[in-house]
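Trainee: This is the content of structure_31.txt (compact mmCIF, C-alpha atoms):
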# COMPACT_ATOMS: atom_id res chain seq x y z
CA MET A 1435 11.89 247.86 -5.63
CA ASP A 1436 9.55 245.93 -3.32
CA LEU A 1437 9.30 242.93 -5.66
CA LEU A 1438 13.08 242.50 -5.96
CA THR A 1439 15.06 240.85 -3.17
CA SER A 1440 18.86 241.34 -3.09
CA TYR A 1441 21.12 239.08 -1.11
CA HIS A 1442 24.86 238.69 -0.40
CA PRO A 1443 27.54 237.70 -1.13
CA THR A 1444 26.88 237.29 -4.82
CA ALA A 1445 24.95 240.57 -5.22
CA MET A 1446 22.51 238.67 -7.42
CA THR A 1447 18.81 239.51 -7.58
CA THR A 1448 15.96 237.08 -6.97
CA ILE A 1449 12.88 237.96 -9.07
CA LEU A 1450 9.53 237.15 -7.48
CA GLU A 1451 7.48 237.97 -10.59
CA THR A 1452 7.79 237.42 -14.36
CA TYR A 1453 8.38 240.30 -16.70
CA ARG A 1454 4.95 239.92 -18.29
CA SER A 1455 3.00 240.06 -15.01
CA PHE A 1456 5.18 242.90 -13.70
CA LYS A 1457 4.52 244.87 -16.88
CA ARG A 1458 0.80 244.24 -16.63
CA THR A 1459 0.75 245.48 -13.04
CA HIS A 1460 3.18 248.41 -13.14
CA GLY A 1461 3.37 249.40 -16.79
CA ALA A 1462 5.91 248.95 -19.57
CA ALA A 1463 8.28 251.73 -18.51
CA ALA A 1464 8.53 250.52 -14.89
CA ALA A 1465 9.04 246.91 -15.98
CA ARG A 1466 11.89 247.81 -18.35
CA GLU A 1467 13.49 250.02 -15.72
CA ALA A 1468 13.47 247.13 -13.20
CA MET A 1469 14.87 244.77 -15.85
CA LEU A 1470 17.72 247.16 -16.67
CA ALA A 1471 18.48 247.44 -12.94
CA THR A 1472 18.86 243.65 -12.83
CA LEU A 1473 21.03 243.74 -15.95
CA ARG A 1474 23.35 246.29 -14.36
CA GLN A 1475 23.82 243.94 -11.39
CA ASP A 1476 24.24 240.68 -13.34
CA ARG A 1477 25.94 242.16 -16.44
CA SER A 1478 24.52 239.29 -18.48
CA VAL A 1479 21.59 239.51 -20.92
CA ALA A 1480 21.01 235.74 -20.76
CA GLU A 1481 20.96 235.64 -16.94
CA THR A 1482 18.66 238.68 -16.77
CA ALA A 1483 16.27 237.11 -19.26
CA ARG A 1484 16.31 233.85 -17.28
CA GLN A 1485 15.52 235.57 -14.00
CA TRP A 1486 12.68 237.65 -15.50
CA GLY A 1487 11.18 234.72 -17.41
CA CYS A 1488 11.44 236.41 -20.81
CA SER A 1489 13.51 236.20 -23.98
CA ARG A 1490 16.86 237.88 -24.57
CA ASN A 1491 15.20 239.97 -27.28
CA THR A 1492 13.01 241.55 -24.60
CA VAL A 1493 16.12 242.59 -22.66
CA ALA A 1494 17.73 243.89 -25.83
CA LEU A 1495 14.62 245.93 -26.62
CA ALA A 1496 14.80 247.54 -23.17
CA GLN A 1497 18.43 248.47 -23.84
CA ALA A 1498 17.52 249.94 -27.22
CA LYS A 1499 14.71 252.00 -25.74
CA GLN A 1500 17.04 253.29 -23.03
CA THR A 1501 19.39 254.45 -25.77
CA ILE A 1502 16.69 256.52 -27.50
CA GLY A 1503 15.56 258.01 -24.19
CA THR A 1504 12.17 256.36 -23.59
CA LEU A 1505 11.15 253.10 -21.97
CA ALA A 1506 7.45 253.29 -22.84
CA ASP A 1507 5.82 251.18 -25.55
CA GLY A 1508 5.78 252.72 -29.00
CA ASP A 1509 2.95 253.09 -31.51
CA ARG A 1510 2.08 249.72 -33.04
CA THR A 1511 -0.29 251.00 -35.71
CA PRO A 1512 0.35 249.13 -38.99
CA ARG A 1513 1.86 251.26 -41.76
CA HIS A 1514 -0.26 249.57 -44.42
CA GLN A 1515 -4.01 249.31 -43.67
CA PRO A 1516 -5.88 248.50 -46.90
CA ARG A 1517 -9.22 247.99 -45.08
CA LEU A 1518 -9.04 251.17 -43.00
CA THR A 1519 -12.24 253.27 -43.12
CA ALA A 1520 -11.91 256.40 -45.25
CA ALA A 1521 -10.89 259.52 -43.36
CA THR A 1522 -13.99 261.42 -44.58
CA THR A 1523 -16.33 258.71 -43.27
CA THR A 1524 -14.52 258.62 -39.94
CA ALA A 1525 -14.88 262.40 -39.74
CA HIS A 1526 -18.63 262.11 -40.42
CA VAL A 1527 -19.05 259.52 -37.67
CA THR A 1528 -17.02 261.63 -35.26
CA ALA A 1529 -19.00 264.79 -36.04
CA LEU A 1530 -22.37 263.05 -35.69
CA ARG A 1531 -21.33 261.40 -32.44
CA ARG A 1532 -20.25 264.72 -30.94
CA GLU A 1533 -23.39 266.46 -32.19
CA THR A 1534 -26.00 263.90 -31.17
CA GLY A 1535 -24.36 261.52 -28.70
CA TYR A 1536 -26.05 258.64 -30.58
CA GLY A 1537 -24.89 255.03 -30.35
CA LYS A 1538 -23.79 252.92 -33.30
CA VAL A 1539 -27.32 251.86 -34.33
CA ARG A 1540 -28.73 255.36 -34.71
CA LEU A 1541 -25.46 256.68 -36.12
CA ALA A 1542 -25.70 254.12 -38.93
CA ARG A 1543 -29.13 255.53 -39.85
CA GLU A 1544 -27.91 259.11 -39.61
CA LEU A 1545 -25.00 258.38 -41.98
CA VAL A 1546 -27.42 257.12 -44.61
CA THR A 1547 -29.81 260.04 -44.10
CA ARG A 1548 -27.25 262.85 -44.14
CA TYR A 1549 -24.35 261.57 -46.22
CA GLN A 1550 -25.78 258.55 -48.10
CA GLU A 1551 -23.01 256.41 -46.62
CA VAL A 1552 -23.69 252.80 -45.63
CA MET A 1553 -21.51 251.42 -42.85
CA PRO A 1554 -21.86 248.37 -40.59
CA GLU A 1555 -22.84 249.16 -37.01
CA SER A 1556 -19.86 247.16 -35.75
CA THR A 1557 -17.47 249.41 -37.70
CA ILE A 1558 -19.09 252.52 -36.27
CA GLY A 1559 -18.72 251.09 -32.78
CA LYS A 1560 -15.01 250.50 -33.36
CA ILE A 1561 -14.55 254.06 -34.63
CA ILE A 1562 -16.24 255.42 -31.51
CA THR A 1563 -13.97 253.29 -29.32
CA ARG A 1564 -10.81 254.13 -31.25
CA GLU A 1565 -11.47 257.87 -31.32
CA LYS A 1566 -12.61 257.82 -27.66
CA ILE A 1567 -15.69 259.95 -28.33
CA PRO A 1568 -17.97 259.96 -25.28
CA GLY A 1569 -21.72 260.12 -25.65
CA LYS A 1570 -23.90 262.76 -24.08
CA THR A 1571 -24.77 262.11 -20.47
CA TYR A 1572 -28.08 262.92 -18.81
CA ARG A 1573 -29.53 262.37 -15.41
CA SER A 1574 -31.06 258.92 -15.59
CA ALA A 1575 -33.88 258.79 -13.07
CA TRP A 1576 -35.39 255.74 -14.75
CA ARG A 1577 -32.26 253.55 -14.56
CA ARG A 1578 -32.90 251.03 -11.83
CA LYS A 1579 -32.28 247.34 -11.38
CA THR A 1580 -35.94 246.48 -11.89
CA ARG A 1581 -38.49 247.61 -14.43
CA ARG A 1582 -41.94 246.64 -15.64
CA TYR A 1583 -42.09 244.07 -18.41
CA TYR A 1584 -44.93 243.47 -20.86
CA ASP A 1585 -45.67 240.58 -23.18
CA ARG A 1586 -45.54 242.78 -26.24
CA SER A 1587 -46.07 239.86 -28.61
CA THR A 1588 -49.71 239.62 -27.50
CA LEU A 1589 -50.25 243.23 -26.42
CA VAL A 1590 -52.91 245.11 -28.39
CA PRO A 1591 -52.37 248.85 -29.09
CA PHE A 1592 -53.79 250.98 -26.27
CA GLU A 1593 -54.41 247.93 -24.10
CA ARG A 1594 -51.67 249.21 -21.77
CA ASN A 1595 -50.73 252.89 -21.48
CA GLU A 1596 -48.32 254.87 -19.35
CA ILE A 1597 -49.11 258.47 -18.38
CA ASP A 1598 -46.87 261.02 -16.71
CA THR A 1599 -46.09 264.72 -16.43
CA LYS A 1600 -42.67 266.20 -17.14
CA ASP A 1601 -41.20 269.36 -15.71
CA ILE A 1602 -39.59 270.87 -18.81
CA ALA A 1603 -37.67 273.40 -16.72
CA ASP A 1604 -35.06 270.93 -15.53
CA LYS A 1605 -31.64 272.60 -15.26
CA THR A 1606 -29.85 269.28 -15.66
CA SER A 1607 -31.49 268.59 -19.02
CA ILE A 1608 -32.08 271.85 -20.89
CA PRO A 1609 -29.86 274.91 -21.55
CA GLN A 1610 -29.96 277.78 -19.09
CA ALA A 1611 -31.47 280.13 -21.70
CA LEU A 1612 -34.55 277.94 -22.14
CA TYR A 1613 -34.87 277.47 -18.41
CA ASP A 1614 -34.88 281.26 -17.91
CA ARG A 1615 -37.64 281.77 -20.49
CA ILE A 1616 -39.83 279.14 -18.85
CA ASP A 1617 -39.11 280.59 -15.41
CA GLN A 1618 -40.24 284.00 -16.69
CA GLY A 1619 -43.56 282.53 -17.82
CA LEU A 1620 -42.95 282.96 -21.54
CA MET A 1621 -43.95 279.37 -22.32
CA PRO A 1622 -45.51 276.35 -20.56
CA ARG A 1623 -43.53 274.50 -17.93
CA TRP A 1624 -45.36 271.16 -17.77
CA GLN A 1625 -45.61 268.47 -20.44
CA TRP A 1626 -48.39 265.87 -20.20
CA THR A 1627 -47.46 262.57 -21.87
CA TRP A 1628 -49.59 259.55 -22.79
CA ILE A 1629 -47.76 256.63 -24.45
CA ASP A 1630 -49.11 253.35 -25.80
CA VAL A 1631 -46.79 250.52 -24.75
CA ALA A 1632 -47.46 248.30 -27.77
CA SER A 1633 -46.76 250.85 -30.53
CA ARG A 1634 -45.02 253.70 -28.64
CA THR A 1635 -47.59 256.14 -30.06
CA ARG A 1636 -47.56 259.28 -27.91
CA PHE A 1637 -50.05 262.06 -27.22
CA LEU A 1638 -48.72 265.29 -25.69
CA ALA A 1639 -50.25 268.38 -24.11
CA TYR A 1640 -48.80 271.29 -22.14
CA SER A 1641 -49.76 273.57 -19.27
CA TYR A 1642 -48.46 276.37 -17.10
CA GLU A 1643 -49.83 274.77 -13.93
CA HIS A 1644 -49.54 271.28 -12.50
CA THR A 1645 -53.11 270.68 -11.32
CA TRP A 1646 -55.83 268.04 -11.10
CA ALA A 1647 -58.06 270.17 -13.34
CA ASN A 1648 -55.50 270.05 -16.14
CA GLY A 1649 -55.09 266.33 -15.56
CA GLN A 1650 -58.83 265.80 -16.03
CA ILE A 1651 -58.90 267.80 -19.24
CA PHE A 1652 -55.91 265.96 -20.68
CA PHE A 1653 -57.37 262.58 -19.81
CA GLN A 1654 -60.77 263.40 -21.32
CA LEU A 1655 -59.22 264.71 -24.51
CA VAL A 1656 -57.11 261.61 -25.12
CA ARG A 1657 -59.99 259.28 -24.26
CA ALA A 1658 -62.27 261.16 -26.70
CA TRP A 1659 -59.55 261.09 -29.35
CA LEU A 1660 -59.27 257.31 -29.05
CA ASP A 1661 -63.06 256.94 -29.23
CA LEU A 1662 -63.13 258.87 -32.52
CA PHE A 1663 -60.77 256.33 -34.06
CA GLY A 1664 -62.62 253.27 -32.83
CA VAL A 1665 -60.66 252.50 -29.66
CA THR A 1666 -63.74 252.20 -27.48
CA GLU A 1667 -62.83 249.25 -25.25
CA THR A 1668 -61.67 249.57 -21.65
CA ILE A 1669 -57.99 250.45 -21.50
CA GLY A 1670 -55.37 250.14 -18.78
CA CYS A 1671 -53.31 253.12 -17.63
CA SER A 1672 -50.48 253.32 -15.10
CA ILE A 1673 -49.72 256.59 -13.32
CA ASP A 1674 -47.65 257.81 -10.41
CA GLY A 1675 -49.22 258.96 -7.18
CA GLY A 1676 -49.29 262.64 -8.12
CA VAL A 1677 -51.80 265.33 -7.33
CA GLU A 1678 -52.51 265.77 -11.04
CA TRP A 1679 -54.16 262.31 -11.06
CA HIS A 1680 -55.93 262.78 -7.72
CA ALA A 1681 -53.85 259.90 -6.35
CA THR A 1682 -52.12 261.36 -3.30
CA THR A 1683 -54.28 259.32 -0.91
CA GLU A 1684 -56.20 256.08 -1.25
CA ARG A 1685 -59.52 257.72 -0.46
CA SER A 1686 -59.16 260.48 -3.03
CA PHE A 1687 -58.02 258.02 -5.69
CA ASP A 1688 -60.98 255.69 -5.03
CA GLY A 1689 -63.31 258.65 -5.43
CA ALA A 1690 -61.66 259.67 -8.68
CA MET A 1691 -61.96 256.10 -9.96
CA ASP A 1692 -65.70 256.01 -9.27
CA ARG A 1693 -66.58 259.48 -10.52
CA PHE A 1694 -64.04 260.02 -13.31
CA TYR A 1695 -61.86 257.16 -14.58
CA ARG A 1696 -64.35 254.27 -14.74
CA PRO A 1697 -66.98 256.32 -16.64
CA LEU A 1698 -64.24 256.93 -19.23
CA ARG A 1699 -63.61 253.16 -19.44
CA CYS A 1700 -60.12 253.37 -17.94
CA GLN A 1701 -58.66 250.90 -15.46
CA MET A 1702 -56.03 252.81 -13.50
CA SER A 1703 -53.03 251.49 -11.56
CA ILE A 1704 -50.52 253.44 -9.46
CA ILE A 1705 -46.82 252.58 -9.71
CA ARG A 1706 -44.66 252.13 -6.62
CA LYS A 1707 -43.55 255.27 -4.85
CA ARG A 1708 -40.07 256.46 -5.89
CA HIS A 1709 -39.91 253.81 -8.63
CA PRO A 1710 -40.21 255.67 -11.97
CA GLU A 1711 -38.81 252.60 -13.73
CA ASP A 1712 -42.27 251.06 -13.32
CA ASN A 1713 -43.34 253.53 -16.02
CA CYS A 1714 -40.21 252.87 -18.03
CA PHE A 1715 -41.51 253.73 -21.52
CA VAL A 1716 -42.92 257.14 -20.69
CA GLU A 1717 -39.91 258.00 -18.51
CA ARG A 1718 -37.47 257.09 -21.28
CA SER A 1719 -39.46 259.17 -23.78
CA HIS A 1720 -38.86 262.26 -21.63
CA ARG A 1721 -35.15 262.00 -22.31
CA THR A 1722 -35.88 261.82 -26.05
CA ASP A 1723 -37.89 265.05 -25.73
CA ASP A 1724 -34.86 266.79 -24.25
CA GLU A 1725 -32.31 265.39 -26.68
CA GLU A 1726 -34.25 265.80 -29.90
CA CYS A 1727 -36.69 268.65 -29.27
CA TYR A 1728 -36.01 271.08 -26.44
CA VAL A 1729 -32.21 271.21 -26.56
CA PRO A 1730 -31.81 271.51 -30.38
CA LEU A 1731 -34.68 274.00 -30.69
CA THR A 1732 -33.67 276.20 -27.75
CA PRO A 1733 -32.69 279.21 -29.95
CA MET A 1734 -36.15 279.16 -31.58
CA LEU A 1735 -38.21 278.66 -28.42
CA VAL A 1736 -38.58 282.26 -27.30
CA ASP A 1737 -42.31 282.64 -26.50
CA GLU A 1738 -45.62 280.77 -26.46
CA VAL A 1739 -46.19 281.17 -30.21
CA SER A 1740 -42.84 279.63 -31.17
CA PHE A 1741 -43.33 276.96 -28.51
CA ARG A 1742 -46.69 275.92 -30.00
CA GLN A 1743 -45.18 275.75 -33.48
CA ALA A 1744 -42.39 273.47 -32.31
CA THR A 1745 -44.62 271.25 -30.20
CA THR A 1746 -47.03 270.80 -33.11
CA TRP A 1747 -44.21 269.43 -35.26
CA TRP A 1748 -42.49 267.29 -32.66
CA PRO A 1749 -45.18 264.69 -31.67
CA ARG A 1750 -46.21 264.19 -35.30
CA PHE A 1751 -42.58 263.58 -36.28
CA TYR A 1752 -42.16 261.23 -33.31
CA ASN A 1753 -45.24 259.17 -34.23
CA THR A 1754 -44.98 259.09 -38.02
CA GLU A 1755 -41.34 259.56 -39.09
CA ARG A 1756 -38.93 258.86 -36.24
CA LYS A 1757 -37.71 255.26 -36.35
CA HIS A 1758 -37.42 253.48 -33.01
CA GLN A 1759 -34.73 250.98 -32.18
CA GLY A 1760 -37.12 249.19 -29.82
CA LEU A 1761 -39.56 248.75 -32.73
CA ALA A 1762 -36.97 247.16 -35.04
CA GLY A 1763 -36.40 250.45 -36.85
CA GLN A 1764 -40.10 251.13 -37.53
CA THR A 1765 -42.20 254.16 -36.67
CA PRO A 1766 -44.98 253.99 -34.03
CA LEU A 1767 -47.64 254.59 -36.69
CA THR A 1768 -46.33 251.66 -38.78
CA VAL A 1769 -46.49 249.30 -35.80
CA LEU A 1770 -49.90 250.66 -34.80
CA GLN A 1771 -51.33 249.96 -38.27
CA GLN A 1772 -49.78 246.48 -38.30
CA LYS A 1773 -51.28 245.52 -34.95
CA ARG A 1774 -54.57 247.33 -35.45
CA PRO A 1775 -55.36 247.08 -39.19
CA GLY A 1776 -57.77 249.63 -40.59
CA ILE A 1777 -57.10 252.35 -38.05
CA HIS A 1778 -56.86 255.79 -39.64
CA PRO A 1779 -53.31 257.28 -39.68
CA ALA A 1780 -54.66 260.62 -38.44
CA ILE A 1781 -54.72 259.11 -34.94
CA ALA A 1782 -51.00 259.92 -34.77
CA HIS A 1783 -51.74 263.66 -35.21
CA PHE A 1784 -53.15 264.43 -31.78
CA PRO A 1785 -53.09 268.25 -31.32
CA PRO A 1786 -50.64 269.20 -28.51
CA ILE A 1787 -52.72 271.94 -26.91
CA ILE A 1788 -51.97 274.16 -23.92
CA LEU A 1789 -54.51 272.95 -21.38
CA ASP A 1790 -54.87 275.95 -19.09
CA ARG A 1791 -54.94 278.45 -21.99
CA GLN A 1792 -57.44 276.83 -24.35
CA PHE A 1793 -59.58 275.10 -21.71
CA SER A 1794 -59.25 277.38 -18.69
CA THR A 1795 -62.93 278.38 -18.79
CA PHE A 1796 -64.31 274.84 -18.81
CA SER A 1797 -65.74 272.87 -15.97
CA SER A 1798 -63.21 270.11 -15.30
CA LEU A 1799 -65.92 267.44 -15.25
CA LEU A 1800 -67.59 268.00 -18.63
CA PRO A 1801 -68.27 264.76 -20.53
CA ALA A 1802 -65.21 263.83 -22.55
CA GLN A 1803 -66.92 263.92 -25.95
CA ASN A 1804 -68.33 267.42 -25.30
CA VAL A 1805 -64.91 268.79 -24.37
CA PHE A 1806 -63.33 267.29 -27.46
CA ASP A 1807 -66.10 268.50 -29.81
CA TYR A 1808 -65.67 272.02 -28.48
CA TYR A 1809 -61.96 271.95 -29.25
CA LEU A 1810 -62.57 270.68 -32.81
Could the structure of this file be written out as structure tokens, please?
Mentor:
Amino acid sequence: MDLLTSYHPTAMTTILETYRSFKRTHGAAAAREAMLATLRQDRSVAETARQWGCSRNTVALAQAKQTIGTLADGDRTPRHQPRLTAATTTAHVTALRRETGYGKVRLARELVTRYQEVMPESTIGKIITREKIPGKTYRSAWRRKTRRYYDRSTLVPFERNEIDTKDIADKTSIPQALYDRIDQGLMPRWQWTWIDVASRTRFLAYSYEHTWANGQIFFQLVRAWLDLFGVTETIGCSIDGGVEWHATTERSFDGAMDRFYRPLRCQMSIIRKRHPEDNCFVERSHRTDDEECYVPLTPMLVDEVSFRQATTWWPRFYNTERKHQGLAGQTPLTVLQQKRPGIHPAIAHFPPIILDRQFSTFSSLLPAQNVFDYYL
């Protein structure tokens, strides 16, 4: 071997590395094989152990393993494990991990919800590691080295908002069957998302087309909805530079600000180009839509009717029942009511309409309150 140097006339072997470091580098089987080669030359257990910097028991163990036909390390699992997690609980954790891809925090909640089993998060993490169960992987467009940070301790609900559109028909995120149905025009392709940074409350709408007209309608509806519940102050919104926000050029965006956004008491800001992490909360919520809505409900999403039924349930569940790890295990509505006492809980039940079906006959520049009153 390259780490062993033989010399004459004694035919002894000079070892340039200890047994422990050689084993760490080349593996147990290779280390024992090299040690036995030295033993065959020296014919002395004590001399071999001295040259390799190990005990004579280590040399004897290599001889014993050679006798049974394997030089690899054996299983060191203790025979008696009184604190070992029950096999049924381990099976539940394994099944939930494979089904959902959740981490240890959300798996702990799922165990209580489904099986009424309470288990420390650290134990669940060890089970995941021991069983080598990988989580689900998704394309992570929002994972960058930088992201926008807010002082959420002083942030008032709806003071800062992030708005974005999502192409539901993404082959890397949804099953092929659902992609085919959307491609055939059986259900909307675009999801319009408005999220409040402070409480994570979300308002959703859908459309078949990705246009500025639909963007105007969506914006007016959400602004009118907030007005109905007493959120009448000027709010800040961050968007990307898309055509749906009339933000492809500086001139067009300035015109939209003067004629559309400022009259609705909205202060708009455009994130950096090709930096979706600047809108980190709304971008991360898109992955949640895939994992917990579109992918699980794919067999039921067959046409526009079934799509509207599912999308009526999903945002209400997200706002009122789904607990968020980033909110210390609370729901968005709970945090919203804590930070804005007295607000009516119905604010979390924004109707997820299809913009270019239910509002296709409207002028895109109707006053916001008139558009909303017509829908009601």
Trainee: Show which residues sit within 9 Å of Leu1767 (chain A), as a PDB file with C-alpha atoms, in the coordinates of the input. Count all atoms listed in the file, and ignore same-chain residues fewer than 2 positions away.
Mentor:
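Output file selection-v8.pdb follows:
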ATOM      1  CA  SER A1633     -46.760 250.850 -30.530  1.00  0.00           C
ATOM      2  CA  ARG A1634     -45.020 253.700 -28.640  1.00  0.00           C
ATOM      3  CA  THR A1635     -47.590 256.140 -30.060  1.00  0.00           C
ATOM      4  CA  ASN A1753     -45.240 259.170 -34.230  1.00  0.00           C
ATOM      5  CA  THR A1754     -44.980 259.090 -38.020  1.00  0.00           C
ATOM      6  CA  GLU A1755     -41.340 259.560 -39.090  1.00  0.00           C
ATOM      7  CA  GLN A1764     -40.100 251.130 -37.530  1.00  0.00           C
ATOM      8  CA  THR A1765     -42.200 254.160 -36.670  1.00  0.00           C
ATOM      9  CA  VAL A1769     -46.490 249.300 -35.800  1.00  0.00           C
ATOM     10  CA  LEU A1770     -49.900 250.660 -34.800  1.00  0.00           C
ATOM     11  CA  GLN A1771     -51.330 249.960 -38.270  1.00  0.00           C
ATOM     12  CA  GLN A1772     -49.780 246.480 -38.300  1.00  0.00           C
ATOM     13  CA  PRO A1779     -53.310 257.280 -39.680  1.00  0.00           C
ATOM     14  CA  ILE A1781     -54.720 259.110 -34.940  1.00  0.00           C
ATOM     15  CA  ALA A1782     -51.000 259.920 -34.770  1.00  0.00           C
TER      16      ALA A1782
END
Trainee: Residues at most 7 Å from region 1669-1685 of chain A, counting only C-alpha atoms, excluding those fewer than 5 positions away in the same chain, as a short mmCIF file (atom, residue, chain, number, x, y, z; two decimals) with C-alpha atoms, keeping the file's coordinate frame?
Mentor:
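Wrote around-v3.cif, looks like this:
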data_model
loop_
_atom_site.label_atom_id
_atom_site.label_comp_id
_atom_site.auth_asym_id
_atom_site.auth_seq_id
_atom_site.Cartn_x
_atom_site.Cartn_y
_atom_site.Cartn_z
CA PHE A 1592 -53.79 250.98 -26.27
CA GLU A 1593 -54.41 247.93 -24.10
CA ARG A 1594 -51.67 249.21 -21.77
CA ASN A 1595 -50.73 252.89 -21.48
CA GLU A 1596 -48.32 254.87 -19.35
CA ILE A 1597 -49.11 258.47 -18.38
CA ASP A 1598 -46.87 261.02 -16.71
CA HIS A 1644 -49.54 271.28 -12.50
CA THR A 1645 -53.11 270.68 -11.32
CA TRP A 1646 -55.83 268.04 -11.10
CA GLY A 1649 -55.09 266.33 -15.56
CA ALA A 1690 -61.66 259.67 -8.68
CA ARG A 1699 -63.61 253.16 -19.44
CA CYS A 1700 -60.12 253.37 -17.94
CA GLN A 1701 -58.66 250.90 -15.46
CA MET A 1702 -56.03 252.81 -13.50
CA SER A 1703 -53.03 251.49 -11.56
CA ILE A 1704 -50.52 253.44 -9.46
CA ILE A 1705 -46.82 252.58 -9.71
#
Trainee: Show me, as JSON, numbers by chain, the residues that have an atom within 7 Å of region 1477-1479 of chain A when counting all atoms listed in the file, minus same-chain residues fewer than 3 positions from it.
Mentor: {"A": [1473, 1474, 1482, 1483, 1490, 1493]}
Trainee: Do you have the CA of Glu1667 (chain A)-CA of Ala1780 (chain A) distance handy?
Mentor: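 Answer for the CA of Glu1667 (chain A) to CA of Ala1780 (chain A) separation: 19.2 Å.
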Trainee: Residues near Lys1560 (chain A), anyone? I mean within 12 Å using all atoms listed in the file, not counting same-chain ones fewer than 2 positions away, as a list in words.
Mentor: Leu1518, Thr1519, Thr1524, Val1527, Thr1528, Gly1537, Lys1538, Met1553, Pro1554, Glu1555, Ser1556, Thr1557, Ile1558, Ile1562, Thr1563, Arg1564, Glu1565, Lys1566 and Ile1567 of chain A
Trainee: Residues at most 6 Å from Trp1624 (chain A), counting all atoms listed in the file, excluding those fewer than 2 positions away in the same chain, as a ChimeraX atom specification?
Mentor: /A:1600-1602,1622,1640-1641
Trainee: With only C-alpha atoms as the atoms that count, which of A:Arg1696, A:Arg1706, A:Arg1454, A:His1526 lies nearest to Thr1547 (chain A)?
Mentor: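 Smallest separation from Thr1547 (chain A) among the options: A:His1526.
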Trainee: Suppose you want the space between CA of Ile1629 (chain A) and CA of Leu1660 (chain A); what is it in Å?
Mentor: 12.4 Å
Trainee: What is the distance between CA of Ala1525 (chain A) and CA of Gln1550 (chain A), in Å to one decimal?
Mentor: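 Atom-to-atom, CA of Ala1525 (chain A) to CA of Gln1550 (chain A), that is 14.3 Å.
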Trainee: Rank A:Ala1632, A:Leu1735, A:Ala1639, A:Val1729 by their smallest atom-to-atom distance to Lys1773 (chain A), using all atoms listed in the file, and report the top residue only.
Mentor: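 For Lys1773 (chain A), the nearest of the candidates is A:Ala1632.
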Trainee: From the set A:Asp1630, A:Asp1712, A:Asp1790, A:Asp1614, which residue has the shortest atom-to-atom contact distance to Val1736 (chain A), counting only C-alpha atoms?
Mentor: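 Counting only C-alpha atoms, the residue closest to Val1736 (chain A) is A:Asp1614.
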Trainee: Between A:Val1552, A:Ile1651, A:Ala1471, A:Cys1488, single out the one closest to Val1539 (chain A), counting only C-alpha atoms.
Mentor: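 For Val1539 (chain A), the nearest of the candidates is A:Val1552.
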